[in-house]
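Student: Below is one structure. I have some questions about it.
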Amino acid sequence: MTSRRALTEAKRIVIKVGTSTLTHKTGQLNIHRIELLVRQIVDCKNMGKEVILVSSGAVGAGMSRMHLEKKPDDLIKKQALAAIGQGILIQIYGKLFGEYGQSIAQVLLTRENSIRYEQYINSRRTLLELLSCGVIPIVNENDVVATDELKIGDNDTLAATVATLVDADAVILLTDIDGLFDKDPHHFSDAMLLSEIESITPEIEKRAGGAGSRFGTGGMFTKIQAAKIATAAGIPLLIVNGKSHSIIGDVLNGAQKGTIFLSQSTHLKRKKSWLAFGKQISGSITIDRGCLKALQNGSSLLAAGIISVSDDFAAGCTIRILSEDGQEIARGITNYSSKILQQVMGHQSHEFSDLCPEQLADEAIHRDNMVLLI
């Protein structure tokens, strides 16, 4: 299947629209553009697609109502603005979608809904039921109650997480730039758009900037992280300029626009999808090249291949597994705490009794509790 054919054949699509696409430079909501977005999504539904919309703009709508020109840094103030703006935003969506006879549902998620497997499954069931009823779920993080420790993060990450939750066929991120370039197009006139990304390498990540717009929260870096989540779960992700009046229909009909990140060949099983992208990450370890090759061949992770341990975590926590060049290659549930790992890393299992008084499993991370991301 060609990279763009995956989009044309997608049945279930998660569309994320960013604050910069939904607002004017003043921070006020761009009603004209929101209406155009609604028309495109309804037409997408008329094509026989199922659509979940992940929408930014709640804080921006709150800023507009409170006549603020700058987003506050204080978390409580941002949560108050989200509380004010969320109702305004959903009211606008309800009115515009209603004009086309389309029902919507507001779904507010927190990290807690994905950390606990039971809540993860319940969130999935609710979203799938809404889709089966022909309803368009409009998803946002519940910023009013979420704390930094339990935030999913930006809406790019939320969109990719929701896509894995419902086994979506594609993710489309609507933003204010045409896609990923080989250099910053704001500073280099000869910057070239990268139409297709086969794999997300450290070099690709370095090309992504950090800070986003004045009213948004994410830059290209957050979109790269979202692409890592989606593609590892077997879902292609497209970054495209959302200011075009017909962009959704164009790309679903095969237009060569934006940057598409190619998916891995198969979807993760539900439990492994939750393990990779639902559970909270507590730390990381770095492994050597020999260990990496063994993991790619289906082996469990052994302490002998670990060369460093970062952060403080307990046994049973989910941790990142990094290559020697810093690329995240896997996630898994560790059998050892960080303290124990530091004692036994680089050693064979038959040496454990001389290094540690505790009786340990042979594997630092069993292959059944690990998800490769490359």
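Quick note on naming: the chains in the structure tokens go A, B, ... in the order shown, residues restart at 1 in each chain, and ligands are numbered from 1 in order of appearance.
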Need to verify the contact set: stretch 368-374 of chain A, 6 Å, only C-alpha atoms, exclusion of same-chain residues closer than 3 positions in sequence. Can you return it as a list in words?
Tutor: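 The contact residues come out as Ala232, Ile329, Ala330, Arg331, Gly332 and Ile333 of chain A.
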Student: Mind listing the strand (DSSP E or B) residues of stretch 1-189 of chain A, per DSSP on the backbone, as a PyMOL selection string?
Tutor: chain A and resi 12-17+23+29+50-55+104-109+136-141+170-175+181
Student: Would you mind exporting N, CA, C and O atoms of the selected residues as a compact mmCIF listing (two decimals), in the first residue's frame?
Tutor:
```
# COMPACT_ATOMS: atom_id res chain seq x y z
N ARG A 12 -11.71 5.08 9.91
CA ARG A 12 -11.84 5.79 11.20
C ARG A 12 -10.66 6.75 11.33
O ARG A 12 -9.50 6.33 11.31
N ILE A 13 -10.96 8.03 11.49
CA ILE A 13 -9.93 9.06 11.45
C ILE A 13 -10.01 9.95 12.68
O ILE A 13 -11.11 10.36 13.08
N VAL A 14 -8.87 10.24 13.25
CA VAL A 14 -8.78 11.23 14.32
C VAL A 14 -8.20 12.50 13.71
O VAL A 14 -7.12 12.48 13.12
N ILE A 15 -8.94 13.58 13.83
CA ILE A 15 -8.51 14.89 13.30
C ILE A 15 -8.26 15.81 14.48
O ILE A 15 -9.12 15.99 15.34
N LYS A 16 -7.07 16.38 14.52
CA LYS A 16 -6.74 17.34 15.58
C LYS A 16 -6.55 18.71 14.97
O LYS A 16 -5.84 18.88 13.96
N VAL A 17 -7.17 19.69 15.58
CA VAL A 17 -7.01 21.06 15.12
C VAL A 17 -6.40 21.89 16.24
O VAL A 17 -6.83 21.83 17.39
N THR A 23 -7.82 30.28 15.85
CA THR A 23 -7.88 31.65 16.36
C THR A 23 -7.20 32.64 15.41
O THR A 23 -6.37 32.27 14.58
N LEU A 29 -11.33 33.75 18.77
CA LEU A 29 -11.73 32.63 17.93
C LEU A 29 -12.03 33.09 16.51
O LEU A 29 -12.67 34.11 16.28
N GLU A 50 -15.73 7.59 9.84
CA GLU A 50 -15.97 7.88 11.25
C GLU A 50 -14.91 8.87 11.70
O GLU A 50 -13.72 8.68 11.41
N VAL A 51 -15.33 9.92 12.39
CA VAL A 51 -14.40 11.00 12.74
C VAL A 51 -14.46 11.29 14.23
O VAL A 51 -15.54 11.38 14.82
N ILE A 52 -13.28 11.40 14.82
CA ILE A 52 -13.13 11.94 16.18
C ILE A 52 -12.34 13.23 16.05
O ILE A 52 -11.28 13.26 15.42
N LEU A 53 -12.86 14.30 16.61
CA LEU A 53 -12.18 15.60 16.56
C LEU A 53 -11.54 15.89 17.90
O LEU A 53 -12.20 15.88 18.93
N VAL A 54 -10.23 16.12 17.88
CA VAL A 54 -9.51 16.59 19.06
C VAL A 54 -9.26 18.08 18.85
O VAL A 54 -8.54 18.47 17.93
N SER A 55 -9.91 18.88 19.65
CA SER A 55 -9.90 20.32 19.41
C SER A 55 -9.22 21.09 20.52
O SER A 55 -9.57 20.97 21.69
N ILE A 104 -23.04 15.82 18.16
CA ILE A 104 -21.69 15.76 18.71
C ILE A 104 -21.76 15.36 20.18
O ILE A 104 -22.83 15.38 20.79
N ALA A 105 -20.62 14.98 20.73
CA ALA A 105 -20.53 14.67 22.16
C ALA A 105 -19.22 15.21 22.68
O ALA A 105 -18.17 15.07 22.02
N GLN A 106 -19.24 15.85 23.83
CA GLN A 106 -18.02 16.35 24.44
C GLN A 106 -17.41 15.24 25.30
O GLN A 106 -18.10 14.63 26.13
N VAL A 107 -16.14 14.97 25.08
CA VAL A 107 -15.42 13.95 25.85
C VAL A 107 -14.17 14.60 26.43
O VAL A 107 -13.30 15.05 25.68
N LEU A 108 -14.08 14.67 27.75
CA LEU A 108 -12.92 15.24 28.43
C LEU A 108 -12.13 14.12 29.10
O LEU A 108 -12.68 13.37 29.91
N LEU A 109 -10.87 14.00 28.75
CA LEU A 109 -10.03 12.94 29.27
C LEU A 109 -8.91 13.51 30.13
O LEU A 109 -8.52 14.67 29.97
N ILE A 136 -20.18 12.49 16.45
CA ILE A 136 -18.78 12.91 16.38
C ILE A 136 -18.32 13.29 17.79
O ILE A 136 -18.79 14.29 18.34
N PRO A 137 -17.43 12.52 18.40
CA PRO A 137 -16.87 12.91 19.69
C PRO A 137 -15.90 14.08 19.50
O PRO A 137 -15.05 14.05 18.61
N ILE A 138 -16.04 15.09 20.34
CA ILE A 138 -15.09 16.20 20.36
C ILE A 138 -14.31 16.08 21.66
O ILE A 138 -14.85 16.24 22.75
N VAL A 139 -13.04 15.76 21.52
CA VAL A 139 -12.21 15.36 22.66
C VAL A 139 -11.25 16.48 23.04
O VAL A 139 -10.68 17.15 22.18
N ASN A 140 -11.09 16.66 24.32
CA ASN A 140 -10.06 17.54 24.84
C ASN A 140 -9.60 16.98 26.17
O ASN A 140 -10.28 16.15 26.78
N GLU A 141 -8.44 17.41 26.60
CA GLU A 141 -8.01 17.04 27.95
C GLU A 141 -8.80 17.87 28.95
O GLU A 141 -9.13 19.03 28.69
N ALA A 170 -6.09 6.44 10.72
CA ALA A 170 -5.23 7.57 10.36
C ALA A 170 -5.42 8.69 11.37
O ALA A 170 -6.48 8.81 11.99
N VAL A 171 -4.38 9.50 11.51
CA VAL A 171 -4.42 10.73 12.32
C VAL A 171 -4.04 11.88 11.41
O VAL A 171 -3.05 11.80 10.67
N ILE A 172 -4.83 12.95 11.44
CA ILE A 172 -4.52 14.15 10.68
C ILE A 172 -4.37 15.31 11.66
O ILE A 172 -5.31 15.62 12.40
N LEU A 173 -3.19 15.91 11.70
CA LEU A 173 -2.94 17.06 12.56
C LEU A 173 -3.01 18.33 11.71
O LEU A 173 -2.18 18.54 10.83
N LEU A 174 -4.04 19.13 11.95
CA LEU A 174 -4.20 20.40 11.24
C LEU A 174 -3.47 21.49 12.01
O LEU A 174 -3.77 21.76 13.17
N THR A 175 -2.51 22.13 11.36
CA THR A 175 -1.69 23.12 12.03
C THR A 175 -1.54 24.35 11.14
O THR A 175 -2.25 24.49 10.14
N PHE A 181 9.73 20.39 7.52
CA PHE A 181 10.71 20.82 6.53
C PHE A 181 12.12 20.36 6.93
O PHE A 181 12.36 20.00 8.10
```
Student: Out of A:Lys49, A:Met345, A:Glu363, A:Ala58, which residue has the shortest atom-to-atom distance to A:Gln91 when counting only C-alpha atoms?
Tutor: A:Ala58
Student: Which polymer residues have any atom within 9 Å of an atom of stretch 185-197 of chain A, counting only C-alpha atoms, with same-chain residues fewer than 4 positions away left out, as a list in words?
Tutor: Ser3, Asp178, Gly179, Leu180, Phe181, Ile204, Gln256, Lys257, Gly258, Thr259, Ile260, Phe261 and Leu262 of chain A
Student: Restricting the calculation to only C-alpha atoms: of A:Ser282, A:Ser263, A:Ser353, A:Thr21, which residue gets closest to A:Ser337?
Tutor: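 Looking only at the distances to A:Ser337, the closest residue turns out to be A:Ser282.
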Student: Might you pull out every residue within 9 Å of A:Tyr336, with only C-alpha atoms counted and same-chain residues fewer than 3 positions away left off, and present them as a list in words?
Tutor: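 My list of contacting residues is Phe313, Ala314, Ala315, Gly316, Cys317, Lys339, Ile340, Leu341, Leu360, Ala361, Glu363, Ala364 and Ile365 of chain A.
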Student: How would the residues just picked look written out with N, CA, C and O atoms as a tab-separated table (two decimals), in the first residue's frame?
Tutor:
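out24.tsv was written with the following content:
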```tsv
chain	number	residue	atom	x	y	z
A	313	PHE	N	12.89	4.64	40.17
A	313	PHE	CA	11.63	3.94	39.95
A	313	PHE	C	11.64	2.59	40.67
A	313	PHE	O	12.70	2.05	41.01
A	314	ALA	N	10.45	2.07	40.90
A	314	ALA	CA	10.28	0.80	41.60
A	314	ALA	C	10.04	-0.33	40.61
A	314	ALA	O	9.72	-0.09	39.43
A	315	ALA	N	10.17	-1.55	41.07
A	315	ALA	CA	9.81	-2.70	40.25
A	315	ALA	C	8.31	-2.61	39.92
A	315	ALA	O	7.51	-2.19	40.74
A	316	GLY	N	7.96	-3.00	38.69
A	316	GLY	CA	6.57	-2.92	38.26
A	316	GLY	C	6.23	-1.63	37.54
A	316	GLY	O	5.11	-1.49	37.02
A	317	CYS	N	7.17	-0.68	37.47
A	317	CYS	CA	6.93	0.58	36.76
A	317	CYS	C	7.22	0.41	35.26
A	317	CYS	O	7.98	-0.47	34.86
A	339	LYS	N	17.34	1.03	41.71
A	339	LYS	CA	18.46	0.74	42.61
A	339	LYS	C	19.06	-0.63	42.31
A	339	LYS	O	20.29	-0.78	42.23
A	340	ILE	N	18.19	-1.63	42.14
A	340	ILE	CA	18.67	-2.97	41.83
A	340	ILE	C	19.32	-3.01	40.45
A	340	ILE	O	20.36	-3.64	40.25
A	341	LEU	N	18.71	-2.32	39.48
A	341	LEU	CA	19.27	-2.30	38.13
A	341	LEU	C	20.69	-1.75	38.12
A	341	LEU	O	21.57	-2.25	37.40
A	360	LEU	N	16.05	-12.48	42.27
A	360	LEU	CA	15.58	-11.72	41.12
A	360	LEU	C	15.20	-12.64	39.97
A	360	LEU	O	15.75	-13.73	39.81
A	361	ALA	N	14.26	-12.16	39.16
A	361	ALA	CA	13.93	-12.85	37.91
A	361	ALA	C	15.12	-12.75	36.97
A	361	ALA	O	15.94	-11.84	37.07
A	363	GLU	N	15.03	-12.02	33.84
A	363	GLU	CA	14.86	-10.93	32.88
A	363	GLU	C	14.63	-9.61	33.60
A	363	GLU	O	13.83	-9.54	34.54
A	364	ALA	N	15.31	-8.57	33.15
A	364	ALA	CA	15.01	-7.23	33.67
A	364	ALA	C	13.62	-6.80	33.20
A	364	ALA	O	12.84	-6.22	33.95
A	365	ILE	N	13.30	-7.09	31.94
A	365	ILE	CA	11.97	-6.86	31.38
A	365	ILE	C	11.63	-8.05	30.49
A	365	ILE	O	12.36	-8.33	29.52
```
Student: Mind pulling up the distance from atom CA of A:Phe97 to atom CA of A:Ile229?
Tutor: 29.6 Å
Student: Atom CA of A:Leu252 and atom CA of A:Cys44, how far apart in Å?
Tutor: 8.6 Å
Student: Which polymer residues have any atom within 10 Å of an atom of A:Ser299, counting only C-alpha atoms, with same-chain residues fewer than 2 positions away left out, as an MDAnalysis selection string?
Tutor: chainID A and resid 291:297 301:302 363 365:368
Student: Would you compute the distance between atom CA of A:Ile281 and atom CA of A:Asp74? Give it in Å to one decimal.
Tutor: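 The value is 24.8 Å.
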Student: If you run DSSP on this backbone, which residues of stretch 286-340 of chain A come out as alpha helix (DSSP H), and could you give them as a PyMOL selection string?
Tutor: chain A and resi 289-296+338-340
Student: Restricting the calculation to only C-alpha atoms: of A:Gly305, A:Gly326, A:Gly18, A:Gly298, which residue gets closest to A:Asn155?
Tutor: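 Smallest distance to A:Asn155 is found for A:Gly18.
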Student: My list of candidates is A:Gln348, A:Gln225, A:Ser244, A:Thr286. Which is closest to A:Glu324 when distances are computed with only C-alpha atoms?
Tutor: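 Distance minimum relative to A:Glu324 lands on A:Thr286.
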